[in-house]
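This report refers to the structure that appears directly beneath it.
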There are 2 protein chains.
Amino acid sequence: MLAIINNPERNQFKKLSKRPEIDNVSLSTGIQTIFNEVKRNGDSAILNYTEKFDGVKLDKIVVKIGQPEEISGIDESLKSSIKVAFQNIYNFHKAQTGKDIQVETMQGIICTQKSLPINRIGLYIPGGSAPLFSTVLMLAVPARIAGCKEVILCTPPDKTGNIHPAIIYTAALCGIKEIMVAGGSQAIAGLTFGTESIHSVDKIFGPGNQYVTAAKQMAQQYGVAIDMPAGPSEVLIYADETCNPVFVASDLLAQAEHGSDSQVILVTESIEIIDAVNQALGEQIKNLPRQHFAKEALGHSKAILMSSVDDSFEFINHYAPEHLIIASEFFEQYVDKITNAGSVFLGNYCPESAGDYASGTNHTLPTNGWARSYSGINLDSFLKKITFQSISQEGLQRLGPDILNMAEAEQLQGHANSVKIRLENIVK
Amino acid sequence: MLAIINNPERNQFKKLSKRPEIDNVSLSTGIQTIFNEVKRNGDSAILNYTEKFDGVKLDKIVVKIGQPEEISGIDESLKSSIKVAFQNIYNFHKAQTGKDIQVETMQGIICTQKSLPINRIGLYIPGGSAPLFSTVLMLAVPARIAGCKEVILCTPPDKTGNIHPAIIYTAALCGIKEIMVAGGSQAIAGLTFGTESIHSVDKIFGPGNQYVTAAKQMAQQYGVAIDMPAGPSEVLIYADETCNPVFVASDLLAQAEHGSDSQVILVTESIEIIDAVNQALGEQIKNLPRQHFAKEALGHSKAILMSSVDDSFEFINHYAPEHLIIASEFFEQYVDKITNAGSVFLGNYCPESAGDYASGTNHTLPTNGWARSYSGINLDSFLKKITFQSISQEGLQRLGPDILNMAEAEQLQGHANSVKIRLENIVK
């Protein structure tokens with residue numbers, strides 16, 4: 001099922017790493033109209049768009065939710081699983097808490113770096129048929145650990161105007177008190193400008209369709225930060241002779257079922273593994289409910305046969321996958337070869353699904369090669385680092401002449417004067 | 001000189017925090033042409049643009065630079081000052097080095113977060129009359145500490161085709177071996193696509209004019225990250241009765257001399273301080289070489305008179321200044337009130353110039369209110385954090401049922417299967 005690329009030259013790496021191009025330009029006029037409307041008419045504009053796009057007429061946007069134990073419509077077994085995932089995600093993100101850094105760089109000159117929460121954040125959770133309550137965990141848990149003062153959660157209603165109980169339960173578990181029932185670019189516009197019901201925020205997190213993605217890009221033009229550039233989800237599996245091809249196939253399908261634009265790559269030095277994986281794919285795909293997505297995704301996916309481990313990892317790092325699975329009993333030997341990836345799954349018993357839901361790592365990760373420069377969501381995504389410095393009179397006497405020297409060489413006399421005036425005052 | 005705003009209502013905060021709007025849209029067609037040309041014709045396109053925009057015909061882009069002690073044309077006193085600044089900046093950024101984080105979230109499930117350098121980075125250093133060698137320090141020093149494999153520095157030539165010796169010296173001191181003599185959006189295009197001389201990079205850092213800013217935005221569309229959104233530089237000074245108005249005026253002017261679009265704000269609860277500062281401004285501006293810039297900048301700047309310390313800091317955090325000076329002998333009492341700022345200067349003997357050049361903190365900071373969500377450049381800006389997880393068979397037996405539960409509730413059967421297939425295999 002996977003097309004085989006045999007031992008590509010290095011100059012083909014760029015082409016092999018190319019993801020499908022996404023054209024957001026054509027969306028921007030429509031999104032701009034929605035932004036203008038929401039800016040002008042607030043809640044009523046959002047309610048109109050909800051009726052138009054989600055097909056349901058609501059009379060308010062805010063829904064207060066109770067305590068987690070009060071939420072009905074979700075069975076106890078799922079509640080229990082969500083609690084397990086919550087705890088693992090909490091523990092791993094809590095461990096990311098850093099310390100303030102303070103250095104006396106010269107006597108009398110103290111430089112400090114402090115991490116502070118981003119005050120107001122917005123979380124966008126897609127709705128529809130498959131309720132992504134796992135994304136609520138991945139965003140609301142670190143936001144809570146960071147200490148963000150306001151966490152505004154937007155999610156669209158279903159056709160009957162309701163929110164899936166699993167989303168409500170997970171939000172309640174994360175300490176969220178109310179949900180904004182709004183979706184699409186109108187929700188992003190609301191988070192950008194603020195409305196009667198929705199507070200404006202400093203940074204917007206969360207996945208979404210192409211409209212939400214385009215709206216997040218537009219939000220940036222109005223001074224609101226976003227988590228990261230979005231793109232279709234992707235997995236690259238590196239498999240050596242100690243892999244289990246049946247497991248590999250199941251991981252490829254788990255990715256491929258996301259959507260027809262999912263990116264799925266197998267890298268190995270063994271043609272036998274490729275053949276075995278392709279055979280297992282054929283068997284496993286038959287019973288998959290979302291096999292139409294999986295088939296389309298596999299149609300543009302590849303198995304890349306390399307001639308050495310080093311070549312394999314040179315390609316992998318060039319590709320910079322969102323998810324990287326090392327399908328090998330002896331995964332330790334490969335870890336230090338990895339320089340570009342969002343999240344890495346080590347060994348034969350570590351499916352991507354574990355990280356998607358419950359092991360503790362975050363599932364909001366850089367796609368589309370952005371793993372070369374972006375981190376996945378982590379505690380730092382909800383913090384900003386502010387530097388402070390204090391200088392004593394003696395400290396300024398010590399460093400001042402160097403500042404003067406440099407400011408004058410950059411021809412910024414005003415900068416120099418601000419030091420000179422102080423030094424003259426000390427001498428007096 | 002500063003217009004006085006007397007005790008504004010909270011609903012005026014948004015308007016008072018507004019920075020001038022920057023319209024980059026009109027530039028984008030021209031920038032796109034340059035990007036297309038550089039992508040197609042590489043070095044020769046860049047050399048043509050250098051001739052057109054910088055007015056000098058070069059025959060090559062790469063200039064090899066020697067060891068710092070070999071660089072001539074810069075006096076020993078400036079070399080010595082740059083070395084002092086280098087050491088302070090090195091020490092403060094080196095102290096920001098974090099540790100890998102490892103948590104066994106459940107028995108048999110080990111989650112790890114590792115920081116790795118961004119492999120290839122580009123530094124853009126503006127040239128022209130005032131050579132910003134201090135920016136070389138602020139970017140190249142943390143890049144070196146982070147361990148970035150390739151650091152490509154681009155800077156435009158002067159009218160005679162040369163690079164200012166202070167830039168060459170500082171680059172050499174930071175371990176850079178060659179400089180790319182290219183400026184403007186053509187340099188950014190070179191860093192984006194790569195040319196015969198310029199390697200393509202994963203992330204571009206550095207300030208620049210509106211063309212460079214627009215080009216950096218375009219680079220993102222081609223998958224290259226950038227340091228942060230750009231805007232005119234700004235300072236907000238909070239002054240209490242223990243400030244020195246003469247010092248305050250000198251700091252306001254140091255900011256105002258940057259350019260006519262510089263943002264300068266004074267916040268205080270004392271009209272006497274505003275009057276004294278305004279008087280000092282009038283005296284100090286007379287002798288400033290760049291007083292035409294300073295006058296224009298002061299023309300749209302403000303002194304805001306507040307009625308209480310808490311109101312003052314509510315406004316300050318709303319404004320989220322790039323630079324915040326606390327002009328007070330008793331600065332400690334204000335530190336915990338600060339939630340949004342790029343870098344903070346504490347006390348009467350701590351001019352912004354210290355951090356601009358030499359104290360150790362970084363001077364590349366979020367402007368335009370982005371301090372609400374962005375950190376200034378720090379060691380992390382040159383790193384990305386990758387998560388790893390390894391799961392034993394026992395670990396998967398422990399967590400697997402919860403993953404299954406959640407995947408099925410999200411209607412992702414392929415995700416569930418990847419766990420089920422493994423669990424069945426363990427039972428065998």
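Residue numbering restarts at 1 in every chain; chains get A, B, ... in the order shown in the structure tokens, and ligands count up from 1 in that same order.
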
Q: When you get a sec, could you note down which chain B residues fall within 6 Å of chain A, using only C-alpha atoms, as a PyMOL selection string?
A: chain B and resi 81+88+105+118+130-131+202+250-251+253-254+342-346+349-350+353+373-375+384-391+393+402+410-411+414-415+418

Q: From the DSSP assignment of the backbone, select every residue of region 158-245 of chain B that is helix (DSSP H, G or I), and format the answer as a count of residues only.
A: 32

Q: Find the residues around Glu69 (chain A) up to 9 Å (only C-alpha atoms counted), leave out those fewer than 3 positions away in its own chain, and share them as a ChimeraX atom specification.
A: /A:66,72,169,172-173

Residues as selected, N, CA, C and O atoms, written as a short mmCIF file (atom, residue, chain, number, x, y, z; two decimals), in the first residue's frame, can you do that?
```
data_model
loop_
_atom_site.label_atom_id
_atom_site.label_comp_id
_atom_site.auth_asym_id
_atom_site.auth_seq_id
_atom_site.Cartn_x
_atom_site.Cartn_y
_atom_site.Cartn_z
N GLY A 66 -20.75 22.61 36.08
CA GLY A 66 -20.64 22.35 37.52
C GLY A 66 -19.32 21.68 37.87
O GLY A 66 -18.33 21.81 37.17
N SER A 72 -23.28 14.67 33.94
CA SER A 72 -23.91 13.40 33.54
C SER A 72 -23.70 13.16 32.05
O SER A 72 -23.16 14.00 31.34
N TYR A 169 -17.04 17.46 31.03
CA TYR A 169 -16.43 16.79 32.19
C TYR A 169 -14.94 17.14 32.29
O TYR A 169 -14.42 17.49 33.36
N ALA A 172 -14.35 20.67 33.38
CA ALA A 172 -14.63 20.82 34.81
C ALA A 172 -13.48 20.25 35.65
O ALA A 172 -13.05 20.85 36.64
N LEU A 173 -12.97 19.10 35.20
CA LEU A 173 -11.85 18.46 35.90
C LEU A 173 -10.62 19.39 35.92
O LEU A 173 -9.83 19.38 36.86
#
```

Q: Please return as a ChimeraX atom specification: the residues of region 118-314 of chain B that backbone DSSP assigns to strand (DSSP E).
A: /B:120-124,150-155,178-181,203-205,225-226,234-239,263-268,302-305

Write the residues you've just listed into a file as a short mmCIF file (atom, residue, chain, number, x, y, z; two decimals), in the first residue's frame, and include N, CA, C and O atoms for each of them.
```cif
data_model
loop_
_atom_site.label_atom_id
_atom_site.label_comp_id
_atom_site.auth_asym_id
_atom_site.auth_seq_id
_atom_site.Cartn_x
_atom_site.Cartn_y
_atom_site.Cartn_z
N ARG B 120 20.07 25.30 12.48
CA ARG B 120 20.60 26.31 11.55
C ARG B 120 19.87 27.63 11.80
O ARG B 120 18.65 27.71 11.64
N ILE B 121 20.60 28.63 12.21
CA ILE B 121 19.93 29.91 12.45
C ILE B 121 20.57 31.03 11.64
O ILE B 121 21.76 31.01 11.31
N GLY B 122 19.76 32.01 11.30
CA GLY B 122 20.21 33.18 10.57
C GLY B 122 20.09 34.41 11.45
O GLY B 122 19.10 34.58 12.15
N LEU B 123 21.11 35.25 11.43
CA LEU B 123 21.08 36.50 12.19
C LEU B 123 21.12 37.64 11.19
O LEU B 123 22.00 37.71 10.34
N TYR B 124 20.17 38.55 11.31
CA TYR B 124 20.18 39.73 10.46
C TYR B 124 20.62 40.93 11.28
O TYR B 124 19.98 41.26 12.28
N GLU B 150 24.82 25.76 12.78
CA GLU B 150 25.20 26.77 11.79
C GLU B 150 24.61 28.11 12.19
O GLU B 150 23.42 28.20 12.47
N VAL B 151 25.45 29.13 12.23
CA VAL B 151 24.99 30.49 12.53
C VAL B 151 25.40 31.36 11.33
O VAL B 151 26.58 31.62 11.11
N ILE B 152 24.40 31.74 10.55
CA ILE B 152 24.67 32.51 9.32
C ILE B 152 24.33 33.97 9.60
O ILE B 152 23.19 34.29 9.91
N LEU B 153 25.34 34.84 9.50
CA LEU B 153 25.12 36.26 9.80
C LEU B 153 25.08 37.06 8.50
O LEU B 153 26.04 37.04 7.72
N CYS B 154 23.98 37.75 8.27
CA CYS B 154 23.86 38.63 7.10
C CYS B 154 23.83 40.08 7.56
O CYS B 154 23.12 40.43 8.51
N THR B 155 24.55 40.92 6.86
CA THR B 155 24.50 42.37 7.12
C THR B 155 24.84 43.10 5.83
O THR B 155 25.65 42.62 5.03
N GLU B 178 32.55 33.61 9.04
CA GLU B 178 32.33 34.37 7.81
C GLU B 178 31.02 35.14 7.88
O GLU B 178 30.10 34.77 8.60
N ILE B 179 31.01 36.25 7.16
CA ILE B 179 29.83 37.13 7.14
C ILE B 179 29.26 37.13 5.73
O ILE B 179 30.01 37.15 4.74
N MET B 180 27.92 37.08 5.64
CA MET B 180 27.26 37.21 4.35
C MET B 180 26.97 38.68 4.13
O MET B 180 26.17 39.28 4.88
N VAL B 181 27.58 39.27 3.13
CA VAL B 181 27.39 40.70 2.88
C VAL B 181 26.12 40.86 2.03
O VAL B 181 26.17 40.81 0.79
N LYS B 203 15.49 29.25 11.46
CA LYS B 203 14.90 30.37 12.20
C LYS B 203 15.74 31.62 11.96
O LYS B 203 16.97 31.54 11.97
N ILE B 204 15.07 32.73 11.76
CA ILE B 204 15.75 34.01 11.49
C ILE B 204 15.52 34.96 12.66
O ILE B 204 14.39 35.15 13.11
N PHE B 205 16.60 35.56 13.11
CA PHE B 205 16.57 36.53 14.21
C PHE B 205 17.05 37.88 13.72
O PHE B 205 17.89 37.96 12.83
N ALA B 225 10.99 29.83 10.81
CA ALA B 225 10.49 30.54 11.99
C ALA B 225 11.21 31.88 12.13
O ALA B 225 12.28 32.09 11.57
N ILE B 226 10.60 32.80 12.88
CA ILE B 226 11.26 34.08 13.17
C ILE B 226 11.23 34.31 14.68
O ILE B 226 10.48 33.67 15.41
N GLU B 234 10.26 51.03 22.44
CA GLU B 234 9.43 51.79 23.38
C GLU B 234 9.94 51.65 24.80
O GLU B 234 10.52 50.63 25.18
N VAL B 235 9.73 52.71 25.59
CA VAL B 235 10.04 52.63 27.01
C VAL B 235 8.86 53.22 27.78
O VAL B 235 8.22 54.18 27.34
N LEU B 236 8.57 52.61 28.92
CA LEU B 236 7.62 53.21 29.85
C LEU B 236 8.38 53.38 31.16
O LEU B 236 9.02 52.44 31.64
N ILE B 237 8.34 54.58 31.71
CA ILE B 237 9.01 54.83 32.98
C ILE B 237 7.96 55.07 34.05
O ILE B 237 7.08 55.92 33.89
N TYR B 238 8.05 54.30 35.12
CA TYR B 238 7.23 54.58 36.28
C TYR B 238 8.12 55.31 37.29
O TYR B 238 9.21 54.83 37.63
N ALA B 239 7.66 56.48 37.72
CA ALA B 239 8.49 57.30 38.62
C ALA B 239 7.71 57.64 39.89
O ALA B 239 6.56 58.08 39.81
N GLN B 263 8.24 54.96 21.00
CA GLN B 263 7.15 55.18 21.94
C GLN B 263 7.73 55.46 23.32
O GLN B 263 8.53 54.67 23.84
N VAL B 264 7.32 56.56 23.94
CA VAL B 264 7.88 57.01 25.21
C VAL B 264 6.74 57.39 26.14
O VAL B 264 5.93 58.25 25.80
N ILE B 265 6.64 56.73 27.27
CA ILE B 265 5.54 56.98 28.20
C ILE B 265 6.09 57.17 29.62
O ILE B 265 6.97 56.42 30.05
N LEU B 266 5.57 58.17 30.31
CA LEU B 266 5.88 58.36 31.74
C LEU B 266 4.60 58.13 32.54
O LEU B 266 3.56 58.71 32.21
N VAL B 267 4.68 57.28 33.54
CA VAL B 267 3.53 57.06 34.42
C VAL B 267 3.95 57.41 35.85
O VAL B 267 5.01 56.97 36.32
N THR B 268 3.14 58.21 36.51
CA THR B 268 3.47 58.63 37.86
C THR B 268 2.21 59.12 38.55
O THR B 268 1.18 59.34 37.89
N LYS B 302 3.46 60.52 25.90
CA LYS B 302 2.55 61.01 26.94
C LYS B 302 3.11 60.85 28.34
O LYS B 302 3.86 59.93 28.62
N ALA B 303 2.68 61.76 29.21
CA ALA B 303 2.86 61.56 30.65
C ALA B 303 1.48 61.26 31.21
O ALA B 303 0.54 62.03 30.99
N ILE B 304 1.36 60.14 31.89
CA ILE B 304 0.04 59.74 32.40
C ILE B 304 0.05 59.86 33.92
O ILE B 304 0.84 59.22 34.60
N LEU B 305 -0.83 60.72 34.39
CA LEU B 305 -0.92 60.98 35.83
C LEU B 305 -2.00 60.08 36.42
O LEU B 305 -3.17 60.18 36.05
#
```
